[in-house]
$ cat coords08.cif   # mmCIF, C-alpha atoms and all ligand atoms
data_model
loop_
_atom_site.group_PDB
_atom_site.id
_atom_site.type_symbol
_atom_site.label_atom_id
_atom_site.label_comp_id
_atom_site.auth_asym_id
_atom_site.auth_seq_id
_atom_site.Cartn_x
_atom_site.Cartn_y
_atom_site.Cartn_z
ATOM 1 C CA MET H 12 49.478 160.447 105.039
ATOM 2 C CA VAL H 13 52.252 160.712 102.431
ATOM 3 C CA LEU H 14 53.137 158.185 99.770
ATOM 4 C CA GLN H 15 56.797 158.628 98.899
ATOM 5 C CA THR H 16 56.969 156.226 95.968
ATOM 6 C CA ILE H 17 54.468 155.441 93.263
ATOM 7 C CA PHE H 18 52.767 152.146 94.070
ATOM 8 C CA ARG H 19 50.547 150.386 91.544
ATOM 9 C CA ALA H 20 48.267 147.592 92.659
ATOM 10 C CA VAL H 21 45.467 145.459 91.251
ATOM 11 C CA ILE H 22 42.712 143.803 93.287
ATOM 12 C CA MET H 23 41.161 140.657 91.833
ATOM 13 C CA GLY H 24 38.566 138.090 92.839
ATOM 14 C CA PRO H 25 35.263 136.773 91.540
ATOM 15 C CA PRO H 26 32.223 139.082 91.395
ATOM 16 C CA GLY H 27 31.037 139.657 94.951
ATOM 17 C CA SER H 28 34.297 138.572 96.593
ATOM 18 C CA GLY H 29 34.529 141.965 98.323
ATOM 19 C CA LYS H 30 36.818 143.894 95.953
ATOM 20 C CA GLY H 31 34.829 147.119 96.332
ATOM 21 C CA THR H 32 34.556 146.723 100.107
ATOM 22 C CA VAL H 33 38.261 145.958 100.589
ATOM 23 C CA SER H 34 39.253 148.689 98.093
ATOM 24 C CA ALA H 35 37.408 151.289 100.175
ATOM 25 C CA ARG H 36 39.403 150.183 103.236
ATOM 26 C CA ILE H 37 42.698 150.233 101.319
ATOM 27 C CA THR H 38 41.959 153.708 99.968
ATOM 28 C CA LYS H 39 41.151 154.972 103.446
ATOM 29 C CA THR H 40 44.176 153.379 105.119
ATOM 30 C CA PHE H 41 46.853 153.740 102.470
ATOM 31 C CA GLY H 42 45.700 156.647 100.325
ATOM 32 C CA LEU H 43 45.836 154.825 96.982
ATOM 33 C CA LYS H 44 43.496 156.135 94.314
ATOM 34 C CA HIS H 45 40.719 153.620 93.630
ATOM 35 C CA ILE H 46 39.804 153.023 89.992
ATOM 36 C CA SER H 47 36.920 150.630 89.442
ATOM 37 C CA SER H 48 36.140 149.475 85.900
ATOM 38 C CA GLY H 49 32.542 148.617 86.856
ATOM 39 C CA ASP H 50 31.978 152.083 88.400
ATOM 40 C CA LEU H 51 33.418 153.706 85.261
ATOM 41 C CA LEU H 52 31.114 151.687 83.018
ATOM 42 C CA ARG H 53 28.068 152.409 85.182
ATOM 43 C CA ALA H 54 28.907 156.144 85.162
ATOM 44 C CA ASN H 55 28.936 155.970 81.353
ATOM 45 C CA ILE H 56 25.579 154.188 81.330
ATOM 46 C CA LYS H 57 24.074 156.762 83.697
ATOM 47 C CA ALA H 58 25.419 159.651 81.609
ATOM 48 C CA LYS H 59 24.062 157.902 78.487
ATOM 49 C CA THR H 60 27.375 158.239 76.646
ATOM 50 C CA GLU H 61 27.661 156.372 73.356
ATOM 51 C CA LEU H 62 29.999 153.878 75.009
ATOM 52 C CA GLY H 63 27.647 153.410 77.974
ATOM 53 C CA LEU H 64 24.641 152.744 75.744
ATOM 54 C CA LEU H 65 26.611 150.257 73.654
ATOM 55 C CA MET H 66 27.946 148.381 76.683
ATOM 56 C CA LYS H 67 24.770 148.210 78.777
ATOM 57 C CA SER H 68 23.328 145.095 77.142
ATOM 58 C CA CYS H 69 26.673 143.279 77.490
ATOM 59 C CA ILE H 70 26.816 144.095 81.207
ATOM 60 C CA ASP H 71 23.151 143.266 81.838
ATOM 61 C CA GLN H 72 23.705 139.868 80.256
ATOM 62 C CA GLY H 73 26.654 139.155 82.533
ATOM 63 C CA GLN H 74 29.187 139.175 79.697
ATOM 64 C CA LEU H 75 32.489 140.996 79.663
ATOM 65 C CA VAL H 76 32.685 144.076 77.459
ATOM 66 C CA PRO H 77 35.215 143.815 74.582
ATOM 67 C CA ASP H 78 38.887 144.010 75.569
ATOM 68 C CA ASP H 79 39.780 146.918 73.276
ATOM 69 C CA VAL H 80 36.949 149.095 74.619
ATOM 70 C CA MET H 81 37.809 148.335 78.225
ATOM 71 C CA SER H 82 41.560 148.733 77.851
ATOM 72 C CA ARG H 83 41.156 152.093 76.080
ATOM 73 C CA LEU H 84 38.777 153.357 78.771
ATOM 74 C CA ILE H 85 41.042 152.420 81.684
ATOM 75 C CA LEU H 86 44.367 153.330 80.102
ATOM 76 C CA SER H 87 43.130 156.779 79.136
ATOM 77 C CA ASP H 88 42.037 157.328 82.753
ATOM 78 C CA LEU H 89 45.419 156.165 84.052
ATOM 79 C CA LYS H 90 47.272 158.477 81.694
ATOM 80 C CA ALA H 91 46.164 161.459 83.761
ATOM 81 C CA MET H 92 47.530 159.754 86.899
ATOM 82 C CA ASP H 93 51.144 159.181 86.003
ATOM 83 C CA GLN H 94 52.394 160.429 89.371
ATOM 84 C CA THR H 95 49.638 158.836 91.446
ATOM 85 C CA SER H 96 49.621 155.551 93.338
ATOM 86 C CA TRP H 97 46.575 153.562 92.346
ATOM 87 C CA LEU H 98 44.534 150.458 93.007
ATOM 88 C CA LEU H 99 42.775 148.972 89.980
ATOM 89 C CA ASP H 100 39.560 147.086 90.776
ATOM 90 C CA GLY H 101 37.865 144.990 88.061
ATOM 91 C CA PHE H 102 40.626 145.483 85.501
ATOM 92 C CA PRO H 103 42.368 143.506 84.063
ATOM 93 C CA ARG H 104 39.811 140.723 83.677
ATOM 94 C CA THR H 105 41.386 138.919 80.714
ATOM 95 C CA VAL H 106 44.978 138.065 79.806
ATOM 96 C CA SER H 107 44.760 140.436 76.845
ATOM 97 C CA GLN H 108 43.822 143.306 79.214
ATOM 98 C CA ALA H 109 46.687 142.350 81.548
ATOM 99 C CA GLU H 110 49.099 142.519 78.610
ATOM 100 C CA ALA H 111 47.731 145.916 77.529
ATOM 101 C CA LEU H 112 48.305 147.211 81.071
ATOM 102 C CA ASP H 113 51.767 145.653 81.203
ATOM 103 C CA ASN H 114 52.776 147.504 78.056
ATOM 104 C CA VAL H 115 52.377 150.789 79.901
ATOM 105 C CA TYR H 116 52.846 150.200 83.649
ATOM 106 C CA ARG H 117 54.637 147.796 85.948
ATOM 107 C CA VAL H 118 52.164 146.382 88.481
ATOM 108 C CA ASP H 119 53.804 146.102 91.924
ATOM 109 C CA THR H 120 51.324 143.767 93.526
ATOM 110 C CA VAL H 121 48.116 141.858 92.796
ATOM 111 C CA ILE H 122 45.790 141.106 95.691
ATOM 112 C CA ASN H 123 43.503 138.163 94.966
ATOM 113 C CA LEU H 124 40.423 137.658 97.135
ATOM 114 C CA ASP H 125 39.770 133.941 97.013
ATOM 115 C CA VAL H 126 36.164 133.530 98.196
ATOM 116 C CA PRO H 127 34.043 130.426 97.414
ATOM 117 C CA PHE H 128 31.275 130.842 94.807
ATOM 118 C CA GLN H 129 28.634 129.566 97.250
ATOM 119 C CA THR H 130 29.345 132.474 99.606
ATOM 120 C CA ILE H 131 29.188 134.967 96.767
ATOM 121 C CA LYS H 132 25.824 134.042 95.305
ATOM 122 C CA GLN H 133 24.003 134.933 98.527
ATOM 123 C CA ARG H 134 25.858 138.237 98.848
ATOM 124 C CA LEU H 135 25.170 139.642 95.420
ATOM 125 C CA THR H 136 21.429 139.240 95.456
ATOM 126 C CA SER H 137 21.331 141.298 98.686
ATOM 127 C CA ARG H 138 23.805 143.974 97.511
ATOM 128 C CA TRP H 139 22.604 147.590 97.422
ATOM 129 C CA THR H 140 24.748 150.114 95.578
ATOM 130 C CA HIS H 141 25.094 153.903 95.568
ATOM 131 C CA LEU H 142 25.778 154.279 91.866
ATOM 132 C CA PRO H 143 27.461 157.733 91.817
ATOM 133 C CA SER H 144 30.152 156.728 94.353
ATOM 134 C CA GLY H 145 30.234 152.940 93.998
ATOM 135 C CA ARG H 146 29.660 152.518 97.770
ATOM 136 C CA VAL H 147 28.144 149.118 98.496
ATOM 137 C CA TYR H 148 25.906 147.871 101.291
ATOM 138 C CA ASN H 149 24.446 144.540 102.225
ATOM 139 C CA VAL H 150 21.270 143.765 104.092
ATOM 140 C CA ASP H 151 23.123 141.425 106.500
ATOM 141 C CA PHE H 152 26.762 142.537 106.433
ATOM 142 C CA ASN H 153 26.834 146.337 106.356
ATOM 143 C CA PRO H 154 23.324 147.773 106.129
ATOM 144 C CA PRO H 155 22.967 151.512 105.511
ATOM 145 C CA LYS H 156 22.083 153.655 108.553
ATOM 146 C CA VAL H 157 18.718 154.451 106.954
ATOM 147 C CA ALA H 158 17.234 151.641 104.866
ATOM 148 C CA GLY H 159 17.532 152.328 101.128
ATOM 149 C CA LEU H 160 19.692 155.456 101.473
ATOM 150 C CA ASP H 161 23.426 156.122 101.102
ATOM 151 C CA ASP H 162 25.106 156.994 104.456
ATOM 152 C CA VAL H 163 27.128 159.890 103.029
ATOM 153 C CA THR H 164 24.790 161.652 100.592
ATOM 154 C CA GLY H 165 21.340 160.400 101.672
ATOM 155 C CA GLU H 166 20.673 159.533 98.021
ATOM 156 C CA PRO H 167 18.747 156.371 97.093
ATOM 157 C CA LEU H 168 20.470 152.996 96.798
ATOM 158 C CA VAL H 169 19.657 150.651 93.929
ATOM 159 C CA GLN H 170 20.022 146.970 93.159
ATOM 160 C CA ARG H 171 22.207 146.544 90.072
ATOM 161 C CA ASP H 172 20.480 145.149 86.979
ATOM 162 C CA ASP H 173 23.181 142.458 86.767
ATOM 163 C CA ASP H 174 22.811 141.267 90.391
ATOM 164 C CA THR H 175 19.912 138.893 89.574
ATOM 165 C CA PRO H 176 20.550 135.188 90.317
ATOM 166 C CA GLU H 177 20.717 134.168 86.602
ATOM 167 C CA THR H 178 23.122 136.965 85.653
ATOM 168 C CA VAL H 179 25.304 136.286 88.689
ATOM 169 C CA MET H 180 25.685 132.686 87.455
ATOM 170 C CA ARG H 181 26.753 133.936 84.009
ATOM 171 C CA ARG H 182 29.252 136.358 85.552
ATOM 172 C CA LEU H 183 30.769 133.575 87.650
ATOM 173 C CA LYS H 184 31.118 131.464 84.498
ATOM 174 C CA ALA H 185 32.819 134.364 82.678
ATOM 175 C CA TYR H 186 35.124 134.735 85.672
ATOM 176 C CA GLU H 187 36.125 131.053 85.530
ATOM 177 C CA THR H 188 36.840 130.957 81.817
ATOM 178 C CA GLN H 189 38.203 134.462 81.137
ATOM 179 C CA THR H 190 39.544 135.902 84.399
ATOM 180 C CA GLU H 191 41.087 132.932 86.241
ATOM 181 C CA PRO H 192 43.891 132.706 83.630
ATOM 182 C CA VAL H 193 44.912 136.253 84.645
ATOM 183 C CA LEU H 194 45.793 134.886 88.110
ATOM 184 C CA GLU H 195 48.241 132.472 86.485
ATOM 185 C CA TYR H 196 49.665 135.334 84.417
ATOM 186 C CA TYR H 197 50.451 137.361 87.549
ATOM 187 C CA ARG H 198 51.589 134.327 89.531
ATOM 188 C CA SER H 199 54.229 133.630 86.887
ATOM 189 C CA LYS H 200 55.414 137.232 87.244
ATOM 190 C CA GLY H 201 55.772 136.731 91.020
ATOM 191 C CA VAL H 202 53.410 139.542 92.038
ATOM 192 C CA LEU H 203 50.297 137.543 93.048
ATOM 193 C CA GLU H 204 49.253 137.460 96.719
ATOM 194 C CA VAL H 205 46.255 135.274 97.581
ATOM 195 C CA PHE H 206 43.883 135.915 100.527
ATOM 196 C CA SER H 207 41.393 133.110 101.124
ATOM 197 C CA GLY H 208 38.295 133.199 103.319
ATOM 198 C CA THR H 209 34.562 133.692 103.494
ATOM 199 C CA GLU H 210 34.362 136.914 105.528
ATOM 200 C CA THR H 211 35.801 140.301 104.602
ATOM 201 C CA ASN H 212 36.400 141.229 108.237
ATOM 202 C CA LYS H 213 38.672 138.194 108.626
ATOM 203 C CA ILE H 214 40.468 138.700 105.302
ATOM 204 C CA TRP H 215 41.042 142.439 105.754
ATOM 205 C CA PRO H 216 43.613 142.304 108.620
ATOM 206 C CA HIS H 217 45.813 140.063 106.445
ATOM 207 C CA VAL H 218 45.534 142.413 103.460
ATOM 208 C CA GLN H 219 46.313 145.357 105.717
ATOM 209 C CA ALA H 220 49.378 143.669 107.261
ATOM 210 C CA PHE H 221 50.624 142.688 103.798
ATOM 211 C CA LEU H 222 50.281 146.232 102.448
ATOM 212 C CA HIS H 223 51.992 147.686 105.524
ATOM 213 C CA LYS H 224 55.018 145.559 104.640
ATOM 214 C CA LYS H 225 54.809 146.442 100.945
ATOM 215 C CA LEU H 226 54.377 150.158 101.550
ATOM 216 C CA PRO H 227 57.045 151.047 104.113
ATOM 217 C CA ALA H 228 57.096 154.595 102.768
ATOM 218 C CA VAL H 229 53.569 155.284 103.965
ATOM 219 C CA SER H 230 53.417 157.354 107.119
ATOM 220 C CA GLN H 231 50.088 157.426 108.894
HETATM 221 N N1 LIG H 301 27.624 138.762 104.322
HETATM 222 C C1 LIG H 301 28.724 139.393 103.895
HETATM 223 N N2 LIG H 301 28.616 140.293 102.903
HETATM 224 C C2 LIG H 301 29.764 140.907 102.497
HETATM 225 C C3 LIG H 301 31.030 140.644 103.067
HETATM 226 N N3 LIG H 301 31.955 141.415 102.433
HETATM 227 C C4 LIG H 301 31.283 142.137 101.508
HETATM 228 N N4 LIG H 301 29.957 141.846 101.543
HETATM 229 C C5 LIG H 301 28.863 142.353 100.724
HETATM 230 O O1 LIG H 301 28.870 141.554 99.538
HETATM 231 C C6 LIG H 301 28.529 142.346 98.404
HETATM 232 C C7 LIG H 301 29.658 142.251 97.380
HETATM 233 O O2 LIG H 301 30.795 142.952 97.868
HETATM 234 P P1 LIG H 301 31.602 143.959 96.918
HETATM 235 O O3 LIG H 301 32.640 144.633 97.754
HETATM 236 O O4 LIG H 301 30.646 144.805 96.178
HETATM 237 O O5 LIG H 301 32.300 142.874 95.929
HETATM 238 P P2 LIG H 301 32.928 142.995 94.470
HETATM 239 O O6 LIG H 301 31.851 142.632 93.508
HETATM 240 O O7 LIG H 301 34.046 141.987 94.473
HETATM 241 O O8 LIG H 301 33.414 144.414 94.314
HETATM 242 C C8 LIG H 301 28.235 143.760 98.919
HETATM 243 O O9 LIG H 301 26.842 143.877 99.145
HETATM 244 C C9 LIG H 301 29.010 143.811 100.249
HETATM 245 O O10 LIG H 301 28.424 144.726 101.163
HETATM 246 C C10 LIG H 301 31.106 139.676 104.132
HETATM 247 O O11 LIG H 301 32.164 139.380 104.697
HETATM 248 N N5 LIG H 301 29.924 139.092 104.499
HETATM 249 N N1 LIG H 302 37.815 144.720 82.887
HETATM 250 C C1 LIG H 302 36.603 144.455 82.368
HETATM 251 N N2 LIG H 302 36.490 143.831 81.182
HETATM 252 C C2 LIG H 302 35.303 143.549 80.635
HETATM 253 N N3 LIG H 302 34.130 143.837 81.223
HETATM 254 C C3 LIG H 302 34.166 144.457 82.420
HETATM 255 C C4 LIG H 302 35.396 144.808 83.055
HETATM 256 N N4 LIG H 302 35.118 145.418 84.235
HETATM 257 C C5 LIG H 302 33.787 145.454 84.340
HETATM 258 N N5 LIG H 302 33.198 144.870 83.250
HETATM 259 C C6 LIG H 302 31.746 144.712 83.003
HETATM 260 O O1 LIG H 302 31.033 145.328 84.061
HETATM 261 C C7 LIG H 302 30.318 144.349 84.846
HETATM 262 C C8 LIG H 302 30.335 144.748 86.312
HETATM 263 O O2 LIG H 302 31.670 144.772 86.779
HETATM 264 P P1 LIG H 302 32.004 145.043 88.306
HETATM 265 O O3 LIG H 302 31.307 146.266 88.782
HETATM 266 O O4 LIG H 302 33.480 144.964 88.449
HETATM 267 O O5 LIG H 302 31.242 143.860 89.022
HETATM 268 P P2 LIG H 302 31.620 142.711 90.011
HETATM 269 O O6 LIG H 302 32.898 142.976 90.697
HETATM 270 O O7 LIG H 302 30.460 142.666 90.918
HETATM 271 O O8 LIG H 302 31.674 141.591 89.024
HETATM 272 C C9 LIG H 302 30.982 143.028 84.495
HETATM 273 O O9 LIG H 302 30.126 141.919 84.696
HETATM 274 C C10 LIG H 302 31.331 143.252 83.014
HETATM 275 O O10 LIG H 302 30.190 143.126 82.190
#

$ encode --input "coords08.cif" --output "structure tokens" --more "lines below"
Ligand SMILES: Nc1nc2c(ncn2[C@@H]2O[C@H](COP(=O)(O)OP(=O)(O)O)[C@@H](O)[C@H]2O)c(=O)[nH]1
Ligand SMILES: Nc1ncnc2c1ncn2[C@@H]1O[C@H](COP(=O)(O)OP(=O)(O)O)[C@@H](O)[C@H]1O
Amino acid sequence: MVLQTIFRAVIMGPPGSGKGTVSARITKTFGLKHISSGDLLRANIKAKTELGLLMKSCIDQGQLVPDDVMSRLILSDLKAMDQTSWLLDGFPRTVSQAEALDNVYRVDTVINLDVPFQTIKQRLTSRWTHLPSGRVYNVDFNPPKVAGLDDVTGEPLVQRDDDTPETVMRRLKAYETQTEPVLEYYRSKGVLEVFSGTETNKIWPHVQAFLHKKLPAVSQ
């Protein structure tokens, strides 16, 4: 698979809308590099970096980490990928972050997964995550081959500290007040593409067809 032009995309949607799940499919099908802000933060927490330790309480309380911290973290990662096509997942989450990104890169397309909150609440409390890779499973939707273990590495899966019902509610609130305005920001720039539904397997074919049109240079 060869990407002939640099393509820069963002995937948005409320917590639990399937961004990680759809990103894995996009990465596999289109070869974009997946950069997840949540995975980056959790890697910092696991490695007990100064930043990770400072941010953990914010994340566990379902609040967004400060814009300057987040923008610096992501933009420094992107710097090393100047000639790489990427898919940003979880960033930007505020208008200020979107502006910081805009100052450095032109975003070609923004995929928004529009999934109702009611659907999401059930999903997150039954999400199991392989922290080192960010792979996600779900008791009902995509259970691991062996209960409690990652399919690829056989390492243990965990439930995220912020996937408790109370914290999920706080994250949804933060999404409504801080992240929804980012959709308007991208809509006004003409790059927003909305995919509505309640099941990833029904949304995915539409995302795939859309990206096939957007990425004519991809040969498979
Ligand atoms: N029941 C159900 N669960 C899903 C579906 N799509 C994703 N999930 C699960 O829902 C949870 C949240 O998905 P994830 O991709 O992590 O969402 P993100 O928070 O937006 O990155 C995970 O446990 C997924 O395995 C779906 O269509 N149905
Ligand atoms: N761009 C961001 N800005 C601020 N905080 C962020 C950002 N990305 C991730 N976080 C923090 O990490 C947490 C987990 O993010 P993420 O893994 O993307 O979860 P989900 O998609 O399930 O909401 C967020 O609730 C927030 O505290």

$ closest_residue --input "coords08.cif" --among "H:Ile56, H:Leu86, H:Ile70, H:Met23" --to "ligand LIG 302 (chain H)" --atoms "only C-alpha atoms and all ligand atoms"
H:Ile70

$ resolve_selection --input "coords08.cif" --expression "the PyMOL selection byres (((chain H and resi 102-113) around 10) and not hetatm)" --output "PyMOL selection string"
chain H and resi 21-25+46-49+75+77-79+81-83+85-86+89+98-101+114-118+185-186+188-197

$ atom_distance --input "coords08.cif" --atom1 "CA of Gly31 (chain H)" --atom2 "atom O7 of ligand LIG 301 (chain H)"
5.5 Å

$ axis_aligned_box --input "coords08.cif" --around "region 207-216 of chain H" --padding-each-side "3 Å" --output "AutoDock Vina command-line options"
--center_x 39.0 --center_y 137.8 --center_z 104.9 --size_x 15.3 --size_y 15.3 --size_z 13.5

$ resolve_selection --input "coords08.cif" --expression "the PyMOL selection byres (((not hetatm)) within 7 of (chain H and resi 301))" --output "PyMOL selection string"
chain H and resi 24-33+134-135+137-139+147-149+151-153+209-212

$ build_atoms --input "coords08.cif" --residues "region 26-48 of chain H" --atoms "N, CA and C atoms" --output "compact mmCIF listing (two decimals), in the frame of the given file"
# COMPACT_ATOMS: atom_id res chain seq x y z
N PRO H 26 33.24 138.09 91.07
CA PRO H 26 32.22 139.08 91.40
C PRO H 26 31.68 138.81 92.79
N GLY H 27 31.60 139.82 93.62
CA GLY H 27 31.04 139.66 94.95
C GLY H 27 32.03 139.19 95.99
N SER H 28 33.31 139.07 95.63
CA SER H 28 34.30 138.57 96.59
C SER H 28 34.68 139.65 97.61
N GLY H 29 34.23 140.89 97.36
CA GLY H 29 34.53 141.96 98.32
C GLY H 29 35.56 142.96 97.82
N LYS H 30 35.80 142.99 96.51
CA LYS H 30 36.82 143.89 95.95
C LYS H 30 36.49 145.36 96.28
N GLY H 31 35.22 145.73 96.06
CA GLY H 31 34.83 147.12 96.33
C GLY H 31 34.95 147.45 97.82
N THR H 32 34.52 146.52 98.66
CA THR H 32 34.56 146.72 100.11
C THR H 32 35.99 146.84 100.61
N VAL H 33 36.85 145.93 100.16
CA VAL H 33 38.26 145.96 100.59
C VAL H 33 38.97 147.17 99.98
N SER H 34 38.62 147.51 98.73
CA SER H 34 39.25 148.69 98.09
C SER H 34 38.97 149.96 98.90
N ALA H 35 37.75 150.09 99.39
CA ALA H 35 37.41 151.29 100.18
C ALA H 35 38.29 151.36 101.42
N ARG H 36 38.55 150.20 102.03
CA ARG H 36 39.40 150.18 103.24
C ARG H 36 40.86 150.50 102.87
N ILE H 37 41.31 149.96 101.75
CA ILE H 37 42.70 150.23 101.32
C ILE H 37 42.87 151.73 101.02
N THR H 38 41.90 152.28 100.32
CA THR H 38 41.96 153.71 99.97
C THR H 38 42.05 154.55 101.23
N LYS H 39 41.20 154.20 102.21
CA LYS H 39 41.15 154.97 103.45
C LYS H 39 42.46 154.83 104.24
N THR H 40 43.01 153.63 104.28
CA THR H 40 44.18 153.38 105.12
C THR H 40 45.48 153.78 104.44
N PHE H 41 45.56 153.56 103.14
CA PHE H 41 46.85 153.74 102.47
C PHE H 41 46.88 154.87 101.45
N GLY H 42 45.73 155.47 101.20
CA GLY H 42 45.70 156.65 100.32
C GLY H 42 45.91 156.36 98.85
N LEU H 43 45.74 155.09 98.43
CA LEU H 43 45.84 154.82 96.98
C LEU H 43 44.57 155.33 96.30
N LYS H 44 44.69 155.72 95.05
CA LYS H 44 43.50 156.14 94.31
C LYS H 44 42.80 154.89 93.77
N HIS H 45 41.50 154.81 94.04
CA HIS H 45 40.72 153.62 93.63
C HIS H 45 40.11 153.84 92.25
N ILE H 46 40.41 152.93 91.32
CA ILE H 46 39.80 153.02 89.99
C ILE H 46 39.06 151.72 89.73
N SER H 47 37.73 151.82 89.64
CA SER H 47 36.92 150.63 89.44
C SER H 47 36.34 150.62 88.03
N SER H 48 36.63 149.56 87.28
CA SER H 48 36.14 149.48 85.90
C SER H 48 34.61 149.44 85.87
